[in-house]
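Shown next, in C-alpha cells, is the structure this report addresses.
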Amino acid sequence: MKLIGENLNIVSKKYGPALKERNAGLVQELAIAQTKAGMDYLDINIGPARKDGNKFMEWVVTTVQAVTDVPLSLDTTNPIAMEAGLKAYRGKTLINSISLERMETELPFVLKYNSDFVALLWGRDGLPRDANERGAIAAELLYNANEKGISNDRIWFDPIVTPAVNIASNHVKHCLDFLSMLPDIAPGARSIVGLSNVSNGAPNNLRPYLNRTLLMMLMKIQPPFRDFGCPGQGIDRHRPRQ
C-alpha cells in the first residue's frame, strides 16, 4: 500500500491561497510535513489552471522538489500545464489523471516522460452507473494505452469513490465490485482510490470511522497492493490508490 499526500490542492482553504500567491515558504512547509508523515507520493493539484497554467505548474513542481525527493503526482485538467510539470520534474511522476476524453492528448506523455498514470473511470456521459460500466471504461482506456506501448503495470485504475452519505452511496459497492474484477480486466495493473471521499459530507467526528471501514474492505480485495491518497499530512483523511 502506498500513501499519496493531497493537501497541495488549489481548492484547499489553507494552502490554496499559498499556491495562488506563490508563497514558496508555506508550500515547502507542507511538502516537508507530508514527507515526514510518510507519504510515498505528493499530489500537486492546480485544477484547470486556464491562465498561465504551464508557468504555474512549473513553479509548484520546482518549489516542491527543492525540499523533497518524494515522487510527485501531477493533477490538472490542463494538458499544457501537465506537460510543463512533467518537463520540470527530475524523476518519474504519476499523471493524475487521464480519462477517455483526454486520452488521445495525454497518453503520449506517459512514454515521453517515463510516467505512470491514473486511469480515471469517468465516462463520456459522466459517472458510470455500476461495476460493469466501470469495466467497459477501463477496457477502453487499457486498449488505447496498450496500443501506444504502455504496459499494464504503469496504469493505476481509479473507480471513483463517492460519499456514503448521499444518494450515490451505492457506488461504494460498485467500486469494490470493479476492483474485484480488475485482475481479470487488466492483469498486473494497479488500483487507486480517494479514500476520504467516502466520508465527505459526514460529521467530522465520524469521518475517520468511515474512512477506516472502507480501507478494511479494500484490503480484502486482490491484488494485495493498494495505494491511498491522504490529505491532512497522511492521517485518516483522503485517498487510497494502487
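Identifiers for the C-alpha cells are assigned positionally: chains receive A, B, ... in sequence, residues are indexed from 1 per chain, and ligands are indexed from 1 in the order shown.
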
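By only C-alpha atoms, and with residues fewer than 5 positions from Met181 (chain A) along its chain excluded, the set lying at most 9 Å from it is A:Ala131, A:Gly135, A:Leu176, A:Ala186.
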
Generate a file of the selected residues that holds all heavy atoms, formatted as a PDB file, in the first residue's frame.
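Saved as out_9.pdb:
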ATOM      1  N   ALA A 131     -20.464  -1.447 -11.671  1.00  0.00           N
ATOM      2  CA  ALA A 131     -19.143  -2.042 -11.871  1.00  0.00           C
ATOM      3  C   ALA A 131     -18.912  -2.402 -13.332  1.00  0.00           C
ATOM      4  O   ALA A 131     -17.797  -2.266 -13.850  1.00  0.00           O
ATOM      5  CB  ALA A 131     -19.004  -3.285 -10.993  1.00  0.00           C
ATOM      6  N   GLY A 135     -15.971  -1.293 -15.781  1.00  0.00           N
ATOM      7  CA  GLY A 135     -15.153  -2.265 -16.503  1.00  0.00           C
ATOM      8  C   GLY A 135     -15.024  -1.924 -17.978  1.00  0.00           C
ATOM      9  O   GLY A 135     -13.950  -2.076 -18.574  1.00  0.00           O
ATOM     10  N   LEU A 176     -16.034  -1.426  -5.189  1.00  0.00           N
ATOM     11  CA  LEU A 176     -15.457  -2.663  -4.662  1.00  0.00           C
ATOM     12  C   LEU A 176     -15.640  -3.813  -5.655  1.00  0.00           C
ATOM     13  O   LEU A 176     -14.723  -4.620  -5.865  1.00  0.00           O
ATOM     14  CB  LEU A 176     -16.096  -2.998  -3.321  1.00  0.00           C
ATOM     15  CG  LEU A 176     -15.819  -2.006  -2.183  1.00  0.00           C
ATOM     16  CD1 LEU A 176     -16.713  -2.311  -0.995  1.00  0.00           C
ATOM     17  CD2 LEU A 176     -14.359  -2.039  -1.770  1.00  0.00           C
ATOM     18  N   ALA A 186      -7.332  -6.290 -16.393  1.00  0.00           N
ATOM     19  CA  ALA A 186      -6.004  -5.725 -16.656  1.00  0.00           C
ATOM     20  C   ALA A 186      -4.975  -6.371 -15.744  1.00  0.00           C
ATOM     21  O   ALA A 186      -4.583  -5.774 -14.722  1.00  0.00           O
ATOM     22  CB  ALA A 186      -6.034  -4.214 -16.443  1.00  0.00           C
TER      23      ALA A 186
END

* Nearby residues (only C-alpha atoms) at most 8 Å from Leu8 (chain A), same-chain spacing under 5 positions excluded, as a VMD selection string -> chain A and resid 15 to 16 19 27 30 to 31 42 to 45

Could you dump the residues just selected with N, CA, C and O atoms as a tab-separated table (two decimals), in the first residue's frame?
chain	number	residue	atom	x	y	z
A	15	TYR	N	-4.15	26.03	1.99
A	15	TYR	CA	-2.99	26.02	1.10
A	15	TYR	C	-3.30	26.51	-0.31
A	15	TYR	O	-2.38	26.84	-1.06
A	16	GLY	N	-4.59	26.59	-0.67
A	16	GLY	CA	-4.94	27.15	-1.97
A	16	GLY	C	-4.43	28.57	-2.15
A	16	GLY	O	-3.78	28.88	-3.16
A	19	LEU	N	-0.72	28.64	-2.80
A	19	LEU	CA	-0.38	28.30	-4.17
A	19	LEU	C	-0.64	29.47	-5.10
A	19	LEU	O	0.22	29.84	-5.92
A	27	VAL	N	4.22	26.53	0.94
A	27	VAL	CA	4.13	25.35	0.07
A	27	VAL	C	5.20	24.34	0.46
A	27	VAL	O	4.94	23.14	0.58
A	30	LEU	N	4.50	22.56	3.82
A	30	LEU	CA	3.56	21.46	3.70
A	30	LEU	C	4.20	20.25	3.04
A	30	LEU	O	3.98	19.11	3.46
A	31	ALA	N	5.00	20.47	2.02
A	31	ALA	CA	5.68	19.36	1.34
A	31	ALA	C	6.58	18.60	2.32
A	31	ALA	O	6.60	17.37	2.33
A	42	LEU	N	3.52	12.89	-3.40
A	42	LEU	CA	2.86	14.14	-3.08
A	42	LEU	C	2.08	14.60	-4.31
A	42	LEU	O	2.64	14.73	-5.40
A	43	ASP	N	0.79	14.81	-4.13
A	43	ASP	CA	-0.06	15.24	-5.24
A	43	ASP	C	-0.06	16.76	-5.32
A	43	ASP	O	-0.21	17.45	-4.31
A	44	ILE	N	0.13	17.28	-6.52
A	44	ILE	CA	0.05	18.72	-6.76
A	44	ILE	C	-1.15	18.95	-7.66
A	44	ILE	O	-1.15	18.60	-8.84
A	45	ASN	N	-2.20	19.53	-7.08
A	45	ASN	CA	-3.45	19.73	-7.81
A	45	ASN	C	-3.67	21.22	-8.03
A	45	ASN	O	-3.98	21.96	-7.10

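CA of Gly149 (chain A) to CA of Leu107 (chain A) spans 10.0 Å [interatomic distance, one decimal].
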
* To do: as a PyMOL selection string, list the residues of region 8-163 of chain A assigned to alpha helix (DSSP H) by DSSP on the backbone atoms of this structure.
  => chain A and resi 16-20+24-36+53-65+79-88+103-112+131-147

* Asked: Hey, what's within 8 Å of Pro159 (chain A) if we count only C-alpha atoms and toss same-chain stuff fewer than 5 positions away? As a list in words, please?
  ->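 Those residues are Leu120, Leu121, Arg134, Cys175, Phe178, Leu179, Ile192 and Val193 of chain A.
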
* For Ser151 (chain A), please output as a list in words all residues within 12 Å (counting only C-alpha atoms; exclusion window: fewer than 2 positions along the same chain). =>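 Within the cut-off, the hits are Leu107, Val110, Leu111, Asn114, Ser115, Asp116, Phe117, Leu141, Leu142, Tyr143, Asn144, Ala145, Asn146, Glu147, Lys148, Gly149, Asp153, Arg154, Ile155, Trp156, Ala186, Pro187, Gly188, Ala189 and Arg190 of chain A.
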
Excluding region 54-57 of chain A and its own-chain neighbours fewer than 5 positions away, which residues fall within 6 Å of it when counting only C-alpha atoms? Please give them as a CSV table (one decimal) with C-alpha atoms, in the first residue's frame.
chain,number,residue,atom,x,y,z
A,80,ILE,CA,-0.3,22.2,-21.4
A,81,ALA,CA,0.1,22.7,-17.7
A,84,ALA,CA,5.1,21.8,-18.2
A,85,GLY,CA,5.1,19.9,-14.9

Residues of region 65-219 of chain A classed as strand (DSSP E) by DSSP on the backbone are to be reported as a PDB file with all heavy atoms, in the first residue's frame.
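Saved result, result.pdb, follows:
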ATOM      1  N   LEU A  72       6.309  12.899  -7.290  1.00  0.00           N
ATOM      2  CA  LEU A  72       5.151  13.769  -7.389  1.00  0.00           C
ATOM      3  C   LEU A  72       4.054  13.156  -8.251  1.00  0.00           C
ATOM      4  O   LEU A  72       4.325  12.456  -9.222  1.00  0.00           O
ATOM      5  CB  LEU A  72       5.548  15.130  -7.971  1.00  0.00           C
ATOM      6  CG  LEU A  72       6.591  15.924  -7.192  1.00  0.00           C
ATOM      7  CD1 LEU A  72       6.800  17.290  -7.846  1.00  0.00           C
ATOM      8  CD2 LEU A  72       6.191  16.085  -5.730  1.00  0.00           C
ATOM      9  N   SER A  73       2.830  13.452  -7.862  1.00  0.00           N
ATOM     10  CA  SER A  73       1.646  13.141  -8.651  1.00  0.00           C
ATOM     11  C   SER A  73       1.113  14.476  -9.148  1.00  0.00           C
ATOM     12  O   SER A  73       0.796  15.361  -8.354  1.00  0.00           O
ATOM     13  CB  SER A  73       0.607  12.437  -7.764  1.00  0.00           C
ATOM     14  OG  SER A  73      -0.667  12.448  -8.366  1.00  0.00           O
ATOM     15  N   LEU A  74       1.029  14.646 -10.465  1.00  0.00           N
ATOM     16  CA  LEU A  74       0.626  15.923 -11.046  1.00  0.00           C
ATOM     17  C   LEU A  74      -0.836  15.858 -11.454  1.00  0.00           C
ATOM     18  O   LEU A  74      -1.252  14.984 -12.209  1.00  0.00           O
ATOM     19  CB  LEU A  74       1.505  16.263 -12.252  1.00  0.00           C
ATOM     20  CG  LEU A  74       3.018  16.292 -11.983  1.00  0.00           C
ATOM     21  CD1 LEU A  74       3.768  16.764 -13.216  1.00  0.00           C
ATOM     22  CD2 LEU A  74       3.345  17.183 -10.785  1.00  0.00           C
ATOM     23  N   ASP A  75      -1.607  16.832 -10.960  1.00  0.00           N
ATOM     24  CA  ASP A  75      -3.062  16.769 -11.051  1.00  0.00           C
ATOM     25  C   ASP A  75      -3.598  18.069 -11.650  1.00  0.00           C
ATOM     26  O   ASP A  75      -3.618  19.108 -10.984  1.00  0.00           O
ATOM     27  CB  ASP A  75      -3.625  16.559  -9.636  1.00  0.00           C
ATOM     28  CG  ASP A  75      -5.042  16.034  -9.628  1.00  0.00           C
ATOM     29  OD1 ASP A  75      -5.723  16.174 -10.655  1.00  0.00           O
ATOM     30  OD2 ASP A  75      -5.457  15.501  -8.593  1.00  0.00           O
ATOM     31  N   THR A  76      -4.003  18.023 -12.912  1.00  0.00           N
ATOM     32  CA  THR A  76      -4.614  19.165 -13.583  1.00  0.00           C
ATOM     33  C   THR A  76      -5.343  18.667 -14.815  1.00  0.00           C
ATOM     34  O   THR A  76      -4.949  17.656 -15.410  1.00  0.00           O
ATOM     35  CB  THR A  76      -3.567  20.226 -13.992  1.00  0.00           C
ATOM     36  OG1 THR A  76      -4.236  21.295 -14.690  1.00  0.00           O
ATOM     37  CG2 THR A  76      -2.500  19.645 -14.903  1.00  0.00           C
ATOM     38  N   LEU A  94       3.663  10.619 -11.512  1.00  0.00           N
ATOM     39  CA  LEU A  94       2.368   9.979 -11.713  1.00  0.00           C
ATOM     40  C   LEU A  94       1.443  11.027 -12.314  1.00  0.00           C
ATOM     41  O   LEU A  94       1.222  12.080 -11.707  1.00  0.00           O
ATOM     42  CB  LEU A  94       1.816   9.476 -10.374  1.00  0.00           C
ATOM     43  CG  LEU A  94       0.414   8.865 -10.400  1.00  0.00           C
ATOM     44  CD1 LEU A  94       0.393   7.590 -11.238  1.00  0.00           C
ATOM     45  CD2 LEU A  94      -0.063   8.578  -8.974  1.00  0.00           C
ATOM     46  N   ILE A  95       0.920  10.773 -13.497  1.00  0.00           N
ATOM     47  CA  ILE A  95      -0.035  11.685 -14.133  1.00  0.00           C
ATOM     48  C   ILE A  95      -1.413  11.397 -13.568  1.00  0.00           C
ATOM     49  O   ILE A  95      -1.949  10.306 -13.707  1.00  0.00           O
ATOM     50  CB  ILE A  95      -0.041  11.492 -15.663  1.00  0.00           C
ATOM     51  CG1 ILE A  95       1.323  11.852 -16.250  1.00  0.00           C
ATOM     52  CG2 ILE A  95      -1.134  12.339 -16.304  1.00  0.00           C
ATOM     53  CD1 ILE A  95       1.460  11.530 -17.734  1.00  0.00           C
ATOM     54  N   ASN A  96      -1.994  12.390 -12.917  1.00  0.00           N
ATOM     55  CA  ASN A  96      -3.266  12.209 -12.213  1.00  0.00           C
ATOM     56  C   ASN A  96      -4.280  13.256 -12.696  1.00  0.00           C
ATOM     57  O   ASN A  96      -4.320  14.358 -12.181  1.00  0.00           O
ATOM     58  CB  ASN A  96      -3.030  12.350 -10.713  1.00  0.00           C
ATOM     59  CG  ASN A  96      -4.275  12.081  -9.907  1.00  0.00           C
ATOM     60  OD1 ASN A  96      -5.236  11.513 -10.392  1.00  0.00           O
ATOM     61  ND2 ASN A  96      -4.262  12.518  -8.651  1.00  0.00           N
ATOM     62  N   SER A  97      -5.064  12.924 -13.688  1.00  0.00           N
ATOM     63  CA  SER A  97      -5.357  11.598 -14.208  1.00  0.00           C
ATOM     64  C   SER A  97      -5.644  11.729 -15.699  1.00  0.00           C
ATOM     65  O   SER A  97      -5.681  12.846 -16.228  1.00  0.00           O
ATOM     66  CB  SER A  97      -6.576  11.023 -13.482  1.00  0.00           C
ATOM     67  OG  SER A  97      -7.664  11.944 -13.621  1.00  0.00           O
ATOM     68  N   ILE A  98      -5.897  10.571 -16.354  1.00  0.00           N
ATOM     69  CA  ILE A  98      -6.275  10.560 -17.771  1.00  0.00           C
ATOM     70  C   ILE A  98      -7.611   9.837 -17.899  1.00  0.00           C
ATOM     71  O   ILE A  98      -7.761   8.711 -17.443  1.00  0.00           O
ATOM     72  CB  ILE A  98      -5.202   9.868 -18.634  1.00  0.00           C
ATOM     73  CG1 ILE A  98      -3.860  10.627 -18.515  1.00  0.00           C
ATOM     74  CG2 ILE A  98      -5.656   9.787 -20.086  1.00  0.00           C
ATOM     75  CD1 ILE A  98      -2.719   9.979 -19.265  1.00  0.00           C
ATOM     76  N   ASP A 116       3.955   6.947 -14.827  1.00  0.00           N
ATOM     77  CA  ASP A 116       2.761   6.136 -14.648  1.00  0.00           C
ATOM     78  C   ASP A 116       1.570   7.068 -14.800  1.00  0.00           C
ATOM     79  O   ASP A 116       1.724   8.298 -14.808  1.00  0.00           O
ATOM     80  CB  ASP A 116       2.740   5.496 -13.258  1.00  0.00           C
ATOM     81  CG  ASP A 116       3.774   4.393 -13.107  1.00  0.00           C
ATOM     82  OD1 ASP A 116       4.462   4.063 -14.099  1.00  0.00           O
ATOM     83  OD2 ASP A 116       3.900   3.870 -11.978  1.00  0.00           O
ATOM     84  N   PHE A 117       0.353   6.504 -14.906  1.00  0.00           N
ATOM     85  CA  PHE A 117      -0.803   7.384 -14.969  1.00  0.00           C
ATOM     86  C   PHE A 117      -2.011   6.772 -14.293  1.00  0.00           C
ATOM     87  O   PHE A 117      -2.151   5.559 -14.209  1.00  0.00           O
ATOM     88  CB  PHE A 117      -1.143   7.778 -16.415  1.00  0.00           C
ATOM     89  CG  PHE A 117      -1.910   6.748 -17.208  1.00  0.00           C
ATOM     90  CD1 PHE A 117      -3.302   6.814 -17.314  1.00  0.00           C
ATOM     91  CD2 PHE A 117      -1.252   5.726 -17.877  1.00  0.00           C
ATOM     92  CE1 PHE A 117      -4.010   5.888 -18.052  1.00  0.00           C
ATOM     93  CE2 PHE A 117      -1.954   4.797 -18.622  1.00  0.00           C
ATOM     94  CZ  PHE A 117      -3.350   4.876 -18.714  1.00  0.00           C
ATOM     95  N   VAL A 118      -2.858   7.655 -13.756  1.00  0.00           N
ATOM     96  CA  VAL A 118      -4.126   7.255 -13.167  1.00  0.00           C
ATOM     97  C   VAL A 118      -5.173   7.217 -14.279  1.00  0.00           C
ATOM     98  O   VAL A 118      -5.407   8.227 -14.949  1.00  0.00           O
ATOM     99  CB  VAL A 118      -4.567   8.245 -12.069  1.00  0.00           C
ATOM    100  CG1 VAL A 118      -5.972   7.895 -11.574  1.00  0.00           C
ATOM    101  CG2 VAL A 118      -3.577   8.236 -10.923  1.00  0.00           C
ATOM    102  N   ALA A 119      -5.770   6.052 -14.468  1.00  0.00           N
ATOM    103  CA  ALA A 119      -6.849   5.894 -15.449  1.00  0.00           C
ATOM    104  C   ALA A 119      -8.163   6.176 -14.723  1.00  0.00           C
ATOM    105  O   ALA A 119      -8.664   5.337 -13.975  1.00  0.00           O
ATOM    106  CB  ALA A 119      -6.838   4.492 -16.036  1.00  0.00           C
ATOM    107  N   LEU A 120      -8.694   7.363 -14.934  1.00  0.00           N
ATOM    108  CA  LEU A 120      -9.907   7.791 -14.237  1.00  0.00           C
ATOM    109  C   LEU A 120     -11.132   7.223 -14.945  1.00  0.00           C
ATOM    110  O   LEU A 120     -11.360   7.503 -16.125  1.00  0.00           O
ATOM    111  CB  LEU A 120      -9.982   9.315 -14.205  1.00  0.00           C
ATOM    112  CG  LEU A 120     -11.142   9.918 -13.414  1.00  0.00           C
ATOM    113  CD1 LEU A 120     -10.960   9.652 -11.919  1.00  0.00           C
ATOM    114  CD2 LEU A 120     -11.239  11.417 -13.685  1.00  0.00           C
ATOM    115  N   ILE A 155      -0.322   1.573 -15.173  1.00  0.00           N
ATOM    116  CA  ILE A 155      -1.680   2.112 -15.123  1.00  0.00           C
ATOM    117  C   ILE A 155      -2.277   1.902 -13.739  1.00  0.00           C
ATOM    118  O   ILE A 155      -2.281   0.793 -13.212  1.00  0.00           O
ATOM    119  CB  ILE A 155      -2.576   1.430 -16.177  1.00  0.00           C
ATOM    120  CG1 ILE A 155      -1.930   1.498 -17.564  1.00  0.00           C
ATOM    121  CG2 ILE A 155      -3.953   2.075 -16.201  1.00  0.00           C
ATOM    122  CD1 ILE A 155      -2.666   0.705 -18.639  1.00  0.00           C
ATOM    123  N   TRP A 156      -2.815   2.964 -13.148  1.00  0.00           N
ATOM    124  CA  TRP A 156      -3.455   2.926 -11.838  1.00  0.00           C
ATOM    125  C   TRP A 156      -4.942   3.247 -12.047  1.00  0.00           C
ATOM    126  O   TRP A 156      -5.291   4.408 -12.293  1.00  0.00           O
ATOM    127  CB  TRP A 156      -2.863   3.967 -10.900  1.00  0.00           C
ATOM    128  CG  TRP A 156      -1.367   3.919 -10.700  1.00  0.00           C
ATOM    129  CD1 TRP A 156      -0.409   3.571 -11.605  1.00  0.00           C
ATOM    130  CD2 TRP A 156      -0.662   4.281  -9.510  1.00  0.00           C
ATOM    131  NE1 TRP A 156       0.844   3.690 -11.054  1.00  0.00           N
ATOM    132  CE2 TRP A 156       0.718   4.131  -9.772  1.00  0.00           C
ATOM    133  CE3 TRP A 156      -1.065   4.731  -8.261  1.00  0.00           C
ATOM    134  CZ2 TRP A 156       1.694   4.395  -8.822  1.00  0.00           C
ATOM    135  CZ3 TRP A 156      -0.092   5.005  -7.307  1.00  0.00           C
ATOM    136  CH2 TRP A 156       1.275   4.836  -7.587  1.00  0.00           C
ATOM    137  N   PHE A 157      -5.804   2.278 -11.952  1.00  0.00           N
ATOM    138  CA  PHE A 157      -7.230   2.484 -12.223  1.00  0.00           C
ATOM    139  C   PHE A 157      -7.935   3.075 -11.005  1.00  0.00           C
ATOM    140  O   PHE A 157      -7.861   2.530  -9.908  1.00  0.00           O
ATOM    141  CB  PHE A 157      -7.893   1.166 -12.621  1.00  0.00           C
ATOM    142  CG  PHE A 157      -7.547   0.726 -14.011  1.00  0.00           C
ATOM    143  CD1 PHE A 157      -6.517  -0.179 -14.239  1.00  0.00           C
ATOM    144  CD2 PHE A 157      -8.245   1.225 -15.102  1.00  0.00           C
ATOM    145  CE1 PHE A 157      -6.184  -0.574 -15.519  1.00  0.00           C
ATOM    146  CE2 PHE A 157      -7.925   0.827 -16.395  1.00  0.00           C
ATOM    147  CZ  PHE A 157      -6.888  -0.070 -16.611  1.00  0.00           C
ATOM    148  N   ASP A 158      -8.641   4.186 -11.229  1.00  0.00           N
ATOM    149  CA  ASP A 158      -9.404   4.863 -10.178  1.00  0.00           C
ATOM    150  C   ASP A 158     -10.894   4.685 -10.464  1.00  0.00           C
ATOM    151  O   ASP A 158     -11.432   5.319 -11.381  1.00  0.00           O
ATOM    152  CB  ASP A 158      -9.051   6.348 -10.154  1.00  0.00           C
ATOM    153  CG  ASP A 158      -9.737   7.104  -9.023  1.00  0.00           C
ATOM    154  OD1 ASP A 158     -10.656   6.531  -8.400  1.00  0.00           O
ATOM    155  OD2 ASP A 158      -9.364   8.267  -8.772  1.00  0.00           O
ATOM    156  N   ARG A 190      -2.511  -1.555 -11.492  1.00  0.00           N
ATOM    157  CA  ARG A 190      -2.708  -1.127 -10.119  1.00  0.00           C
ATOM    158  C   ARG A 190      -4.087  -0.494  -9.963  1.00  0.00           C
ATOM    159  O   ARG A 190      -4.789  -0.243 -10.936  1.00  0.00           O
ATOM    160  CB  ARG A 190      -1.636  -0.111  -9.728  1.00  0.00           C
ATOM    161  CG  ARG A 190      -0.230  -0.677  -9.744  1.00  0.00           C
ATOM    162  CD  ARG A 190       0.760   0.356  -9.266  1.00  0.00           C
ATOM    163  NE  ARG A 190       2.075  -0.218  -9.094  1.00  0.00           N
ATOM    164  CZ  ARG A 190       3.075   0.394  -8.456  1.00  0.00           C
ATOM    165  NH1 ARG A 190       2.897   1.595  -7.940  1.00  0.00           N
ATOM    166  NH2 ARG A 190       4.248  -0.188  -8.331  1.00  0.00           N
ATOM    167  N   SER A 191      -4.446  -0.223  -8.711  1.00  0.00           N
ATOM    168  CA  SER A 191      -5.695   0.488  -8.441  1.00  0.00           C
ATOM    169  C   SER A 191      -5.412   1.639  -7.500  1.00  0.00           C
ATOM    170  O   SER A 191      -4.422   1.639  -6.766  1.00  0.00           O
ATOM    171  CB  SER A 191      -6.735  -0.454  -7.822  1.00  0.00           C
ATOM    172  OG  SER A 191      -6.289  -0.970  -6.586  1.00  0.00           O
ATOM    173  N   ILE A 192      -6.283   2.638  -7.535  1.00  0.00           N
ATOM    174  CA  ILE A 192      -6.105   3.823  -6.709  1.00  0.00           C
ATOM    175  C   ILE A 192      -7.475   4.383  -6.383  1.00  0.00           C
ATOM    176  O   ILE A 192      -8.348   4.424  -7.247  1.00  0.00           O
ATOM    177  CB  ILE A 192      -5.237   4.860  -7.453  1.00  0.00           C
ATOM    178  CG1 ILE A 192      -5.082   6.147  -6.676  1.00  0.00           C
ATOM    179  CG2 ILE A 192      -5.801   5.160  -8.832  1.00  0.00           C
ATOM    180  CD1 ILE A 192      -4.033   7.079  -7.258  1.00  0.00           C
ATOM    181  N   VAL A 193      -7.692   4.772  -5.132  1.00  0.00           N
ATOM    182  CA  VAL A 193      -8.976   5.362  -4.779  1.00  0.00           C
ATOM    183  C   VAL A 193      -8.793   6.576  -3.888  1.00  0.00           C
ATOM    184  O   VAL A 193      -7.796   6.692  -3.181  1.00  0.00           O
ATOM    185  CB  VAL A 193      -9.924   4.365  -4.062  1.00  0.00           C
ATOM    186  CG1 VAL A 193     -10.115   3.109  -4.860  1.00  0.00           C
ATOM    187  CG2 VAL A 193      -9.447   4.056  -2.660  1.00  0.00           C
TER     188      VAL A 193
END

* Selected residue, from A:Leu210, A:Val61, A:Ile46, A:Val11, that lies nearest to Gly91 (chain A) when counting only C-alpha atoms ->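 For Gly91 (chain A), the nearest of the given residues is A:Val61.
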
* Residue nearest Val172 (chain A) - candidates A:Leu215, A:Met1, A:Ile150, A:Ala202, atoms counted: only C-alpha atoms ->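 Among A:Leu215, A:Met1, A:Ile150, A:Ala202, it is A:Leu215 that comes nearest to Val172 (chain A).
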